[in-house]
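What follows is a short report on a single structure.
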Amino acid sequence: MPRQWVVVYSITDFITIGMLLTVVAMNSIKRIETCLRAYTLNSLLLALLMAISAFYLDAAHLYVAAAFTLVSKGIAIPLFLKKVVRDLKITREVEPNINTPLSLVITSVLVVVVYSSLSKGIFIEGFTENTLKVSVSIILISLFIMITRRKAVTQVIGLLLMENGVFLAGFSLTYGMSTIIELGVVFDVLMGVIILGVFLTQIKKSFAKVDLDKLNTLKG
Amino acid sequence: MTNLQFISILVLSPLAQGIIKKIKAQCQGRVGPGIFQPYYDLARLFKKDMVIPRTASWIFHAAPYVVFSSVLAASMLVPVFSAEGSIFRTGDVIAIIYTLAIGRFFMALGGLDAGTAFGGEGSSREMTVAILVEPSMMLAIFTAAVASGSTSLAVIARSGSVFYSPAHALALAAFFVAVIAETGRVPVDNPDTHLELTMIHEGMLLEYSGKYLALMEWAHYMKQMLLFTLAADLFFPFGMAGAGSGFGAAEAFGYYAVKIFMLCAGVAFAESTRAKMRFFQLPSLLGAAFVLSALSIITFIMTGK
């Protein structure tokens with residue numbers, strides 16, 4: 001079978017590890033534009049992974065899903081967030097709650113925990129069990145990023161990365177859901193990002209900052 | 001014959017330094033010195049008189065010899081273009097790394113012994129960087145060692161096609177950062193400047209002159225070449241001459257030259273496109289390298305390839 005090269009050269013492993021790396025790199029990135037670029041790369045790798053498994057499994061609906069992912073997560077959301085960041089005039093994350101080396105170490109500990117606790121799973125052809133482990137690691141690391149960062153923008157990016165992780169997990173376990181569900185999820189995310197963008201602008205307007213620590217003093 | 005491969009590291013290491021300098025100069029739009037310039041520098045330094053600080057003890061005199069011989073001893077254990085030599089049974093990759101550490105220790109002592117502020121500063125920084133680099137370098141090496149089932153470099157270099165996997169890609173990236181830090185190149189140290197606030201390696205050598213400086217510099221070139229060779233053996237283990245592989249010595253040497261040239265070009269490009277980091281930001285870079293190598297070994301153990 002000519003499609004066998006996907007398995008022979010362990011292409012899916014390389015791409016999923018690349019996705020994991022972009023998320024790990026988020027821990028040491030200070031500039032918000034670079035954070036956005038890491039997210040874009042992550043989404044592009046996800047779309048590429050879907051396209052390659054569509055090719056390997058010869059499944060037309062996966063091509064459609066890959067195209068959706070590419071357009072929404074790879075192009076539309078990064079462009080929109082870039083515009084928000086430019087409008088809000090934020091360039092740098094303030095020092096996160098946990099310093100870079102320590103958060104890198106915590107990240108690798110998270111990966112070790114995930115890898116050692118997930119030893120079994122059900123997977124579709126063309127994926128190794130590596131994919132599920134990577135996606136759970138991505139989810140946990142993004143959660144960690146959301147906890148440690150102070151600026152709302154980076155927390156939004158953490159949320160989006162987490163969504164990518166969930167998507168990767170769902171897709172590697174189920175062959176990809178039917179097109180209508182994919183479409184629904186994609187629109188959900190798009191709407192979510194737009195609402196968060198509006199929120200960011202409002203927070204900036206009321207507090208002149210997007211540092212979420214300022215919200216501590218609010219009393220209901 | 002195969003036990004004398006280290007001579008090529010001894011002889012060609014200034015050439016590798018010259019090539020890196022030339023590529024860097026081209027990247028910056030300069031003509032740059034010729035690729036044989038390091039040989040002329042060394043020859044000139046060997047002819048010059050030495051100035052010895054009055055406060056220096058015997059350690060200052062011993063350090064250049066210890067540094068040079070430790071690097072030479074380590075390079076004897078590295079397969080260059082053939083993995084057949086009997087000498088490789090006397091030590092593995094861990095022995096190589098820690099033989100290099102003896103040289104580093106004496107270089108730091110020599111810097112301290114001269115009694116100047118810059119020497120002490122350079123030594124203290126060098127040891128700090130060493131502590132940060134060592135774990136990522138060892139973990140990256142262990143990935144290759146686990147993959148081929150041995151810590152012996154000869155076995156790893158003969159292992160053929162097992163190097164193609166995500167784990168090896170991660171380990172190579174980590175090892176590359178470690179090599180940049182070990183050889184004192186740009187994000188970590190700037191080899192082209194004597195600016196007192198930034199220098200690490202140059203700081204330790206500041207009081208050395210003449211023959212001693214030549215020995216120290218030559219040892220530094222050799223260490224760089226040795227680390228490149230190590231990277232080639234660990235992560236591109238093909239094209240080795242030997243009974244099983246069907247490569248002749250000349251052919252294998254050609255492969256070796258190509259691998260080293262690619263690594264030199266990679267280092268030169270990395271150096272030209274980065275700015276020197278502040279010293280206290282180094283833990284982030286080297287921490288990232290450590291995470292890369294930790295991920296590589298986890299990935300290897302979990303995926304089994």
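As shown in the structure tokens, the chain order sets the letters A, B, ...; within each chain, residues go from 1, and ligands are also counted from 1 in the order they appear.
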
Once DSSP has gone over the backbone, tell me which residues of region 26-218 of chain B are in alpha helix (DSSP H), as a PyMOL selection string. chain B and resi 26-27+37-47+58-76+93-113+117-148+153-157+166-182+201-204+210-218

Show me a table, sorted first by chain and then by increasing residue number, of the residues of chain B having an atom at most 7 Å from chain A, each with its shortest atom pair and the distance in Å to one decimal, counting only C-alpha atoms and written as a tab-separated table.
```
residue	atom	partner	partner_atom	distance
B:Pro166	CA	A:Phe14	CA	5.3
B:Pro283	CA	A:Pro101	CA	6.4
B:Ser284	CA	A:Pro101	CA	5.3
B:Gly287	CA	A:Pro101	CA	5.5
B:Ala288	CA	A:Leu104	CA	6.7
B:Val291	CA	A:Ser108	CA	6.1
B:Leu295	CA	A:Ser108	CA	6.9
B:Ile298	CA	A:Val112	CA	6.9
B:Thr303	CA	A:Asn130	CA	6.5
```

Atoms to include: N, CA and C atoms. Write the selected residues as a PDB file, in the first residue's frame.
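Output file result38.pdb is given in full below:
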```
ATOM      1  N   PRO B 166      10.949  10.786  16.498  1.00  0.00           N
ATOM      2  CA  PRO B 166      10.722  12.079  17.144  1.00  0.00           C
ATOM      3  C   PRO B 166      11.654  12.284  18.335  1.00  0.00           C
ATOM      4  N   PRO B 283      19.204  30.674  32.444  1.00  0.00           N
ATOM      5  CA  PRO B 283      18.461  29.515  32.950  1.00  0.00           C
ATOM      6  C   PRO B 283      17.200  29.216  32.140  1.00  0.00           C
ATOM      7  N   SER B 284      16.544  30.236  31.557  1.00  0.00           N
ATOM      8  CA  SER B 284      15.354  29.924  30.746  1.00  0.00           C
ATOM      9  C   SER B 284      15.739  29.129  29.514  1.00  0.00           C
ATOM     10  N   GLY B 287      17.063  25.777  30.600  1.00  0.00           N
ATOM     11  CA  GLY B 287      15.933  25.016  31.135  1.00  0.00           C
ATOM     12  C   GLY B 287      15.081  24.461  30.005  1.00  0.00           C
ATOM     13  N   ALA B 288      14.899  25.271  28.952  1.00  0.00           N
ATOM     14  CA  ALA B 288      14.140  24.789  27.801  1.00  0.00           C
ATOM     15  C   ALA B 288      14.850  23.607  27.161  1.00  0.00           C
ATOM     16  N   VAL B 291      14.164  20.600  29.227  1.00  0.00           N
ATOM     17  CA  VAL B 291      12.824  20.051  29.010  1.00  0.00           C
ATOM     18  C   VAL B 291      12.777  19.286  27.688  1.00  0.00           C
ATOM     19  N   LEU B 295      11.808  15.481  27.506  1.00  0.00           N
ATOM     20  CA  LEU B 295      10.717  15.025  26.645  1.00  0.00           C
ATOM     21  C   LEU B 295      11.204  13.956  25.686  1.00  0.00           C
ATOM     22  N   ILE B 298      11.500  10.661  27.526  1.00  0.00           N
ATOM     23  CA  ILE B 298      10.163  10.146  27.857  1.00  0.00           C
ATOM     24  C   ILE B 298       9.515   9.596  26.594  1.00  0.00           C
ATOM     25  N   THR B 303       7.154   5.504  23.390  1.00  0.00           N
ATOM     26  CA  THR B 303       6.803   5.015  22.057  1.00  0.00           C
ATOM     27  C   THR B 303       7.667   3.837  21.652  1.00  0.00           C
TER      28      THR B 303
END
```

Distance criterion (only C-alpha atoms): nearest to Ile138 (chain A) out of A:Leu161, A:Leu44, A:Leu118, A:Ile180: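 Nearest to Ile138 (chain A): A:Leu161.
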
Using only C-alpha atoms, determine which residues lie at most 10 Å from Ile20 (chain B), disregarding the query and same-chain residues fewer than 3 positions distant; provide the list as a short mmCIF file (atom, residue, chain, number, x, y, z; two decimals) with N, CA and C atoms, in the first residue's frame.
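Generated file (selection02.cif):
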```cif
data_model
loop_
_atom_site.label_atom_id
_atom_site.label_comp_id
_atom_site.auth_asym_id
_atom_site.auth_seq_id
_atom_site.Cartn_x
_atom_site.Cartn_y
_atom_site.Cartn_z
N PRO B 14 41.15 23.68 14.11
CA PRO B 14 41.22 25.10 13.78
C PRO B 14 40.53 25.42 12.45
N LEU B 15 40.55 24.45 11.53
CA LEU B 15 39.87 24.67 10.24
C LEU B 15 38.37 24.84 10.45
N ALA B 16 37.78 24.00 11.33
CA ALA B 16 36.34 24.12 11.60
C ALA B 16 36.03 25.50 12.16
N GLN B 17 36.90 25.96 13.08
CA GLN B 17 36.71 27.30 13.64
C GLN B 17 36.78 28.35 12.54
N ILE B 23 31.68 31.72 7.61
CA ILE B 23 30.23 31.73 7.34
C ILE B 23 29.57 32.88 8.09
N LYS B 24 30.02 33.09 9.34
CA LYS B 24 29.45 34.22 10.11
C LYS B 24 29.72 35.54 9.42
N ALA B 25 30.97 35.70 8.92
CA ALA B 25 31.32 36.95 8.24
C ALA B 25 30.44 37.14 7.01
N GLN B 26 30.23 36.05 6.26
CA GLN B 26 29.38 36.14 5.06
C GLN B 26 27.96 36.54 5.43
N ILE B 35 39.80 30.92 5.83
CA ILE B 35 39.45 29.82 6.72
C ILE B 35 40.67 29.22 7.41
N PHE B 261 30.53 19.89 8.42
CA PHE B 261 30.29 21.17 7.76
C PHE B 261 28.86 21.64 8.02
N LEU B 263 27.02 20.95 10.62
CA LEU B 263 26.92 21.42 12.01
C LEU B 263 27.56 22.80 12.17
N CYS B 264 28.73 23.00 11.50
CA CYS B 264 29.40 24.31 11.55
C CYS B 264 28.46 25.37 11.00
N ALA B 265 27.82 25.07 9.85
CA ALA B 265 26.93 26.05 9.23
C ALA B 265 25.76 26.33 10.15
N GLY B 266 25.21 25.27 10.79
CA GLY B 266 24.09 25.46 11.71
C GLY B 266 24.47 26.37 12.86
N VAL B 267 25.65 26.13 13.44
CA VAL B 267 26.11 26.96 14.55
C VAL B 267 26.30 28.40 14.09
N ALA B 268 26.90 28.57 12.90
CA ALA B 268 27.17 29.93 12.41
C ALA B 268 25.86 30.67 12.17
N PHE B 269 24.87 29.99 11.58
CA PHE B 269 23.58 30.65 11.33
C PHE B 269 22.89 30.98 12.64
N GLU B 271 24.24 31.57 15.40
CA GLU B 271 24.95 32.66 16.05
C GLU B 271 24.66 34.00 15.38
#
```

Neighbour list for region 123-131 of chain B as a PyMOL selection string, cut-off 9 Å, only C-alpha atoms, skip fewer than 3 positions in-chain: chain B and resi 101+104-105+107-112+118-120+134-135+181-182+188+199-201+203-204+279+282-283+286

Serialized selection, N, CA and C atoms, as a short mmCIF file (atom, residue, chain, number, x, y, z; two decimals), in the first residue's frame:
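Wrote it out as out-v7.cif, contents follow:
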```cif
data_model
loop_
_atom_site.label_atom_id
_atom_site.label_comp_id
_atom_site.auth_asym_id
_atom_site.auth_seq_id
_atom_site.Cartn_x
_atom_site.Cartn_y
_atom_site.Cartn_z
N ALA B 101 35.19 17.47 31.60
CA ALA B 101 34.91 18.25 32.81
C ALA B 101 36.19 18.52 33.59
N ARG B 104 37.66 21.51 32.07
CA ARG B 104 36.91 22.70 32.42
C ARG B 104 37.25 23.16 33.84
N PHE B 105 37.39 22.19 34.74
CA PHE B 105 37.71 22.49 36.13
C PHE B 105 39.05 23.22 36.21
N MET B 107 40.57 24.82 33.80
CA MET B 107 40.51 26.11 33.14
C MET B 107 39.94 27.16 34.11
N ALA B 108 38.91 26.78 34.86
CA ALA B 108 38.33 27.70 35.84
C ALA B 108 39.33 28.02 36.93
N LEU B 109 40.10 26.98 37.40
CA LEU B 109 41.13 27.23 38.41
C LEU B 109 42.18 28.19 37.89
N GLY B 110 42.60 27.98 36.62
CA GLY B 110 43.60 28.86 36.02
C GLY B 110 43.12 30.30 35.98
N GLY B 111 41.83 30.47 35.65
CA GLY B 111 41.26 31.81 35.62
C GLY B 111 41.28 32.45 36.99
N LEU B 112 40.98 31.64 38.02
CA LEU B 112 40.96 32.17 39.39
C LEU B 112 42.38 32.48 39.88
N PHE B 118 38.44 39.82 36.52
CA PHE B 118 37.77 39.26 35.35
C PHE B 118 37.92 37.75 35.28
N GLY B 119 39.10 37.24 35.71
CA GLY B 119 39.32 35.81 35.72
C GLY B 119 38.32 35.12 36.63
N GLY B 120 38.17 35.67 37.83
CA GLY B 120 37.23 35.08 38.79
C GLY B 120 35.81 35.13 38.27
N GLU B 134 24.90 20.56 31.89
CA GLU B 134 25.20 19.13 32.03
C GLU B 134 23.96 18.24 31.98
N PRO B 135 22.88 18.53 32.74
CA PRO B 135 21.75 17.61 32.70
C PRO B 135 21.14 17.47 31.31
N ALA B 181 26.15 26.23 24.20
CA ALA B 181 26.54 26.75 25.51
C ALA B 181 27.96 26.29 25.87
N GLU B 182 28.28 25.02 25.56
CA GLU B 182 29.58 24.47 25.92
C GLU B 182 30.71 25.14 25.15
N VAL B 188 24.77 32.46 24.59
CA VAL B 188 25.32 32.23 25.93
C VAL B 188 26.54 33.12 26.20
N MET B 199 31.88 38.66 29.00
CA MET B 199 32.69 37.51 28.61
C MET B 199 32.68 36.39 29.66
N ILE B 200 32.71 35.16 29.17
CA ILE B 200 32.82 34.00 30.05
C ILE B 200 34.14 33.31 29.78
N HIS B 201 34.23 32.74 28.57
CA HIS B 201 35.43 31.98 28.21
C HIS B 201 36.64 32.90 28.11
N GLY B 203 37.10 35.65 29.58
CA GLY B 203 37.45 36.16 30.91
C GLY B 203 38.47 35.28 31.59
N MET B 204 38.29 33.96 31.47
CA MET B 204 39.22 33.04 32.13
C MET B 204 40.60 33.09 31.50
N PHE B 279 22.95 37.37 31.20
CA PHE B 279 23.41 36.17 31.88
C PHE B 279 22.31 35.54 32.74
N LEU B 282 19.86 33.15 31.09
CA LEU B 282 20.33 31.86 30.58
C LEU B 282 19.57 30.67 31.14
N PRO B 283 19.20 30.67 32.44
CA PRO B 283 18.46 29.51 32.95
C PRO B 283 17.20 29.22 32.14
N LEU B 286 18.53 27.34 28.93
CA LEU B 286 19.06 26.01 29.22
C LEU B 286 18.00 25.14 29.87
#
```

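Counting only C-alpha atoms, Pro187 (chain B) has the following residues at most 10 Å away, ignoring those fewer than 3 positions along the same chain: Val177, Ile180, Ala181, Gly184, Asn190, Ala270, Glu271, Ser272, Thr273, Arg274, Ala275, Lys276, Met277, Arg278, Phe279, Gln281, Leu282 and Leu285 of chain B.
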
Between CA of Leu42 (chain B) and CA of Leu215 (chain B), what distance in Å does the model show, to one decimal?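 Separation between CA of Leu42 (chain B) and CA of Leu215 (chain B): 8.3 Å.
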
Need the shell around Val93 (chain B): protein/DNA/RNA residues with any atom at most 9 Å away, counting only C-alpha atoms. Skip same-chain ones fewer than 4 positions apart. Format as a PyMOL selection string? chain B and resi 77-78+97-98+141+145+151-153+230

Close residues, Val80 (chain B) itself excluded, 9 Å, only C-alpha atoms, min 5 positions apart in chain, as a VMD selection string: chain B and resid 5 to 6 8 to 9 229 to 230 232 to 233 240 252 to 253 256

Just C-alpha atoms for this one: save the residues we selected as a PDB file, in the first residue's frame.
```pdb
ATOM      1  CA  GLN B   5      41.529   8.883  14.197  1.00  0.00           C
ATOM      2  CA  PHE B   6      41.828  11.532  16.879  1.00  0.00           C
ATOM      3  CA  SER B   8      41.961  14.402  12.431  1.00  0.00           C
ATOM      4  CA  ILE B   9      40.258  16.214  15.339  1.00  0.00           C
ATOM      5  CA  THR B 229      31.847  14.788  16.195  1.00  0.00           C
ATOM      6  CA  LEU B 230      29.901  13.532  19.193  1.00  0.00           C
ATOM      7  CA  ALA B 232      27.476  13.333  14.373  1.00  0.00           C
ATOM      8  CA  ASP B 233      28.109   9.971  16.079  1.00  0.00           C
ATOM      9  CA  MET B 240      30.931   4.871   9.257  1.00  0.00           C
ATOM     10  CA  ALA B 252      33.469   7.581   5.420  1.00  0.00           C
ATOM     11  CA  PHE B 253      35.724  10.577   5.825  1.00  0.00           C
ATOM     12  CA  TYR B 256      32.182  12.929   8.202  1.00  0.00           C
TER      13      TYR B 256
END
```

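Going from CA of Phe144 (chain A) to CA of Ile203 (chain A) covers 22.6 Å.
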
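Atom pair CA of Ala208 (chain A) / CA of Ser142 (chain A): separated by 26.4 Å.
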
Which of B:Ala114, B:Val66, B:Ala157, B:Val133 sits closest to Phe235 (chain B) [using only C-alpha atoms]: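 Checking each candidate against Phe235 (chain B), we get B:Ala157 as the closest.
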
Could you write out, as a ChimeraX atom specification, all the residues of region 29-214 of chain A that DSSP marks as strand (DSSP E or B)? /A:31,92,151,211

Choose the residue, out of A:Ile147, A:Ala65, A:Val136, A:Ala38, that has the smallest atom-to-atom separation from Gly184 (chain A); count only C-alpha atoms.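 Smallest separation from Gly184 (chain A) among the options: A:Ala65.
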